[in-house]
Amino acid sequence: MLDILSKSIQKIFGNKSDRDIKEIQPIVEKTNAAFAKIQNLSNDELRAKTVEFQSKIKSAIEAENKQIADIKQNIDDNPNMDFMKKDELYNEIDSIEEIITKNIFKILCSCVC
């Protein structure tokens, strides 16, 4: 009885493997499309794309990197700063770094996808 119920549920919802494949299929399709765009590029053209990505990323995160540098300088300039204030500033750095990661992801997706 339990076996019949299990098979019925699998027919309706699929098994774990089927669900996993369905979830990643859009990513696979985007990856294949991106590969089709770059597969015929020469090594020099690929190197140029790398330089292009690096330049776009550097420009996009320049302001955030400056913010982080300023915060770190503030911490270094104030060795007697209250622990709670330092912790607050380090949390701010963490938040800025999350923004940087998201910006890099957006740039790479827009250039490749």
# chains A, B, ... in the order shown; residues from 1 in each chain; ligands from 1
>>> residues_around(residues="region 63-71 of chain A", least_positions_apart="3", cutoff="12 Å", atoms="only C-alpha atoms", output="PyMOL selection string")
chain A and resi 57-60+74-78+85-104
>>> atom_distance(atom1="CA of Phe105 (chain A)", atom2="CA of Val28 (chain A)")
16.8 Å
>>> residues_around(residues="region 32-43 of chain A", least_positions_apart="3", cutoff="12 Å", atoms="only C-alpha atoms", output="list in words")
Gln25, Pro26, Ile27, Val28, Glu29, Leu46, Arg47, Ala48, Lys49, Thr50, Leu108, Cys109, Ser110, Cys111, Val112 and Cys113 of chain A
>>> atom_distance(atom1="CA of Lys56 (chain A)", atom2="CA of Lys30 (chain A)")
21.1 Å
